[in-house]
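Engineer: Just passing along the structure, written as structure tokens.
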Amino acid sequence: GAGVSQSPSNKVTEKGKDVELRCDPISGHTALYWYRQRLGQGLEFLIYFQGNSAPDKSGLPSDRFSAERTGESVSTLTIQRTQQEDSAVYLCASSPGTSGYNEQFFGPGTRLTVL
Amino acid sequence: AQSVSQHNHHVILSEAASLELGCNYSYGGTVNLFWYVQYPGQHLQLLLKYFSGDPLVKGIKGFEAEFIKSKFSFNLRKPSVQWSDTAEYFCAVTSIYNQGGKLIFGQGTELSVKP
């Protein structure tokens with residue numbers, strides 16, 4: 001079946017511009033996670049959604065970052081007034097649930113470059 | 001806060017050599033442990049996982065990992081590597097009490113296998 005998809009695959013933007021990244025999770029997966037991977041570093045948790053519950057935003061690095069999810073479908077991660085330190089690969093993952101026993105399935109990522 | 005350390009950033013081996021990649025985590029409670037792999041040009045995918053029971057777990061492609069609770073370690077091993085094992089390997093942990101199952105990742109180890 002279809003896996004997690006993300007768009008765009010690459011995004012180059014100028015400092016100060018807003019960007020929107022999209023994630024399509026696996027159908028039926030109630031949990032959706034966003035992670036960030038900066039060059040030479042591991043994946044860093046940003047935010048997760050579980051069904052209609054309030055999202056856990058504890059990993060968002062600043063108020064320039066926000067994310068939305070409509071029900072159990074598509075999610076968008078928005079970065080306002082981008083800075084060079086926002087350059088990274090942004091990965092989305094979905095899971096059948098938010099138990100620590102559930103495997104997370106990752107998308108291909110969006111490589112964001114802020115000039 | 002939980003953290004995960006991977007001691008080797010880049011490992012270079014010849015085919016048929018044995019592999020051991022180190023992973024240590026900082027959380028003292030009950031954890032679930034994972035190794036993910038990212039082959040060149042592909043998505044991050046699960047290699048193996050440990051929840052409970054036999055501390056020696058086997059994953060795909062001949063990989064195994066041993067959980068040693070007293071050392072807070074979950075090292076990845078393979079007796080004989082192949083060129084196709086060239087990839088980046090990530091260790092990750094989630095606490096069973098970690099609401100939402102968010103993963104804490106190590107920095108990753110890049111493995112290069114020479115044919």
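Residue numbers start at 1 in each chain; chains themselves are named A, B, ... in the order of the structure tokens; ligands are numbered from 1 in the order shown.
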May I have a table of the residues of chain A lying at most 6 Å from chain B, giving each one's closest pair of atoms and their distance in Å to one decimal, counting only C-alpha atoms, ordered by chain and ascending residue number, as a tab-separated table?

Structural biologist:
residue	atom	partner	partner_atom	distance
A:Gln41	CA	B:Gln107	CA	4.8
A:Gly42	CA	B:Gln107	CA	3.7
A:Leu43	CA	B:Phe105	CA	5.6
A:Thr98	CA	B:Gly100	CA	4.5
A:Ser99	CA	B:Gly101	CA	5.2
A:Gly100	CA	B:Gly101	CA	4.1
A:Phe106	CA	B:Leu44	CA	5.8
A:Pro108	CA	B:His43	CA	4.9

Engineer: Compile the contact shell of Thr13 of chain A as a ChimeraX atom specification: residues with an atom at most 8 Å away, counting only C-alpha atoms, same-chain residues fewer than 5 positions apart removed.

Structural biologist: /A:19,112-115

Engineer: Using only C-alpha atoms, pick whichever of A:Ala93, A:Ile79, A:Ala88, A:Ala67 has the shortest atom-to-atom distance to Gln37 of chain A.

Structural biologist: A:Ala88

Engineer: Give me every helix (DSSP H, G or I) residue in chain B, going by DSSP on the backbone, as a list in words.

Structural biologist: Ile60, Lys61, Gly62, Lys69, Ser70, Lys71, Trp83, Ser84 and Asp85 of chain B

Engineer: Include N, CA, C and O atoms and write out the residues we just selected as a compact mmCIF listing (two decimals), in the first residue's frame.

Structural biologist:
# COMPACT_ATOMS: atom_id res chain seq x y z
N ILE B 60 15.88 -7.45 10.49
CA ILE B 60 15.97 -7.82 9.09
C ILE B 60 17.43 -7.86 8.65
O ILE B 60 18.30 -7.25 9.29
N LYS B 61 17.68 -8.57 7.57
CA LYS B 61 18.97 -8.59 6.89
C LYS B 61 20.13 -9.04 7.77
O LYS B 61 21.26 -8.60 7.57
N GLY B 62 19.84 -9.90 8.72
CA GLY B 62 20.90 -10.50 9.53
C GLY B 62 21.41 -9.64 10.68
O GLY B 62 22.38 -9.99 11.34
N LYS B 69 20.67 -3.74 30.16
CA LYS B 69 20.04 -2.73 31.00
C LYS B 69 21.03 -2.05 31.93
O LYS B 69 20.98 -0.83 32.13
N SER B 70 21.96 -2.83 32.48
CA SER B 70 22.92 -2.28 33.44
C SER B 70 23.86 -1.27 32.80
O SER B 70 24.43 -0.43 33.49
N LYS B 71 24.02 -1.37 31.51
CA LYS B 71 24.91 -0.45 30.79
C LYS B 71 24.13 0.58 29.98
O LYS B 71 24.74 1.40 29.28
N TRP B 83 28.24 -5.04 1.00
CA TRP B 83 28.27 -3.72 0.41
C TRP B 83 26.89 -3.05 0.51
O TRP B 83 26.79 -1.85 0.74
N SER B 84 25.84 -3.85 0.40
CA SER B 84 24.48 -3.32 0.44
C SER B 84 24.07 -2.81 1.83
O SER B 84 23.00 -2.22 1.98
N ASP B 85 24.89 -3.03 2.82
CA ASP B 85 24.61 -2.50 4.17
C ASP B 85 25.05 -1.05 4.31
O ASP B 85 24.81 -0.43 5.36

Engineer: Applying 8 Å and only C-alpha atoms, which residues near Phe65 of chain A remain after dropping the ones on its own chain fewer than 6 positions away? List them as a short mmCIF file (atom, residue, chain, number, x, y, z; two decimals) with N, CA and C atoms, in the first residue's frame.

Structural biologist:
data_model
loop_
_atom_site.label_atom_id
_atom_site.label_comp_id
_atom_site.auth_asym_id
_atom_site.auth_seq_id
_atom_site.Cartn_x
_atom_site.Cartn_y
_atom_site.Cartn_z
N LEU A 77 3.11 21.64 8.01
CA LEU A 77 4.04 22.30 8.93
C LEU A 77 4.40 23.64 8.30
N THR A 78 4.15 24.71 9.03
CA THR A 78 4.42 26.05 8.52
C THR A 78 5.55 26.68 9.31
N ILE A 79 6.49 27.26 8.60
CA ILE A 79 7.57 28.00 9.23
C ILE A 79 7.48 29.44 8.72
N GLN A 80 7.27 30.34 9.64
CA GLN A 80 7.15 31.76 9.26
C GLN A 80 8.50 32.44 9.42
#

Engineer: Between atom CA of Leu47 of chain B and atom CA of Gly22 of chain B, what is the distance, to one decimal in Å?

Structural biologist: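 Those two atoms sit 15.0 Å apart.
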
Engineer: As a list in words, please: the residues near segment 81-84 of chain A (cut-off 7 Å, only C-alpha atoms, same-chain neighbours under 4 positions excluded).

Structural biologist: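 Result of the neighbour search: Lys15, Gly16, Lys17, Asp18, Arg64, Val114 and Leu115 of chain A.
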
Engineer: If I take atom CA of Glu72 of chain A and atom CA of Gly109 of chain A, how far is one from the other in Å, to one decimal?

Structural biologist: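 Atom-to-atom, atom CA of Glu72 of chain A to atom CA of Gly109 of chain A, that is 19.3 Å.
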
Engineer: Please run DSSP on the backbone and report, as a ChimeraX atom specification, all residues within chain A that come out as strand (DSSP E).

Structural biologist: /A:5-7,10-13,19-24,31-37,43-50,65-69,75-79,88-95,105-106,110-114

Engineer: One decimal, in Å: what's the spacing between atom CA of Leu60 of chain A and atom CA of Leu21 of chain A?

Structural biologist: 14.6 Å

Engineer: Determine, counting only C-alpha atoms, which protein, DNA and RNA residues have an atom within 10 Å of an atom of Glu66 of chain B; residues of the same chain fewer than 4 positions away are not included. Present the result as a PyMOL selection string.

Structural biologist: chain B and resi 50+54-58+73-77

Engineer: Given the selection you just returned, output its residues as a file containing N, CA, C and O atoms, formatted as a PDB file, in the first residue's frame.

Structural biologist:
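The file below, again.pdb, is the result:
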ATOM      1  N   TYR B  50      13.234  -3.477  20.418  1.00  0.00           N
ATOM      2  CA  TYR B  50      13.190  -4.237  21.671  1.00  0.00           C
ATOM      3  C   TYR B  50      12.146  -3.608  22.579  1.00  0.00           C
ATOM      4  O   TYR B  50      12.183  -2.399  22.854  1.00  0.00           O
ATOM      5  N   ASP B  54      13.535 -11.474  25.788  1.00  0.00           N
ATOM      6  CA  ASP B  54      14.903 -11.825  25.408  1.00  0.00           C
ATOM      7  C   ASP B  54      15.655 -10.561  24.987  1.00  0.00           C
ATOM      8  O   ASP B  54      15.253  -9.883  24.049  1.00  0.00           O
ATOM      9  N   PRO B  55      16.758 -10.244  25.692  1.00  0.00           N
ATOM     10  CA  PRO B  55      17.470  -9.001  25.377  1.00  0.00           C
ATOM     11  C   PRO B  55      18.221  -9.032  24.039  1.00  0.00           C
ATOM     12  O   PRO B  55      18.707  -8.002  23.587  1.00  0.00           O
ATOM     13  N   LEU B  56      18.321 -10.197  23.452  1.00  0.00           N
ATOM     14  CA  LEU B  56      18.959 -10.285  22.127  1.00  0.00           C
ATOM     15  C   LEU B  56      17.847 -10.352  21.086  1.00  0.00           C
ATOM     16  O   LEU B  56      17.094 -11.316  21.038  1.00  0.00           O
ATOM     17  N   VAL B  57      17.769  -9.308  20.295  1.00  0.00           N
ATOM     18  CA  VAL B  57      16.696  -9.256  19.299  1.00  0.00           C
ATOM     19  C   VAL B  57      17.284  -9.327  17.898  1.00  0.00           C
ATOM     20  O   VAL B  57      18.355  -8.794  17.638  1.00  0.00           O
ATOM     21  N   LYS B  58      16.552  -9.968  17.033  1.00  0.00           N
ATOM     22  CA  LYS B  58      16.991 -10.112  15.652  1.00  0.00           C
ATOM     23  C   LYS B  58      16.092  -9.279  14.746  1.00  0.00           C
ATOM     24  O   LYS B  58      14.880  -9.200  14.945  1.00  0.00           O
ATOM     25  N   SER B  73      22.639   0.216  27.315  1.00  0.00           N
ATOM     26  CA  SER B  73      23.135   0.111  25.941  1.00  0.00           C
ATOM     27  C   SER B  73      22.236  -0.774  25.090  1.00  0.00           C
ATOM     28  O   SER B  73      21.522  -1.648  25.596  1.00  0.00           O
ATOM     29  N   PHE B  74      22.306  -0.532  23.798  1.00  0.00           N
ATOM     30  CA  PHE B  74      21.537  -1.302  22.814  1.00  0.00           C
ATOM     31  C   PHE B  74      22.369  -1.316  21.527  1.00  0.00           C
ATOM     32  O   PHE B  74      22.054  -0.650  20.558  1.00  0.00           O
ATOM     33  N   ASN B  75      23.437  -2.082  21.548  1.00  0.00           N
ATOM     34  CA  ASN B  75      24.367  -2.089  20.428  1.00  0.00           C
ATOM     35  C   ASN B  75      23.872  -2.959  19.279  1.00  0.00           C
ATOM     36  O   ASN B  75      23.311  -4.039  19.489  1.00  0.00           O
ATOM     37  N   LEU B  76      24.141  -2.491  18.097  1.00  0.00           N
ATOM     38  CA  LEU B  76      23.737  -3.191  16.878  1.00  0.00           C
ATOM     39  C   LEU B  76      24.908  -4.008  16.357  1.00  0.00           C
ATOM     40  O   LEU B  76      26.043  -3.508  16.321  1.00  0.00           O
ATOM     41  N   ARG B  77      24.628  -5.235  15.906  1.00  0.00           N
ATOM     42  CA  ARG B  77      25.708  -6.095  15.424  1.00  0.00           C
ATOM     43  C   ARG B  77      25.288  -6.808  14.143  1.00  0.00           C
ATOM     44  O   ARG B  77      24.101  -7.046  13.892  1.00  0.00           O
TER      45      ARG B  77
END
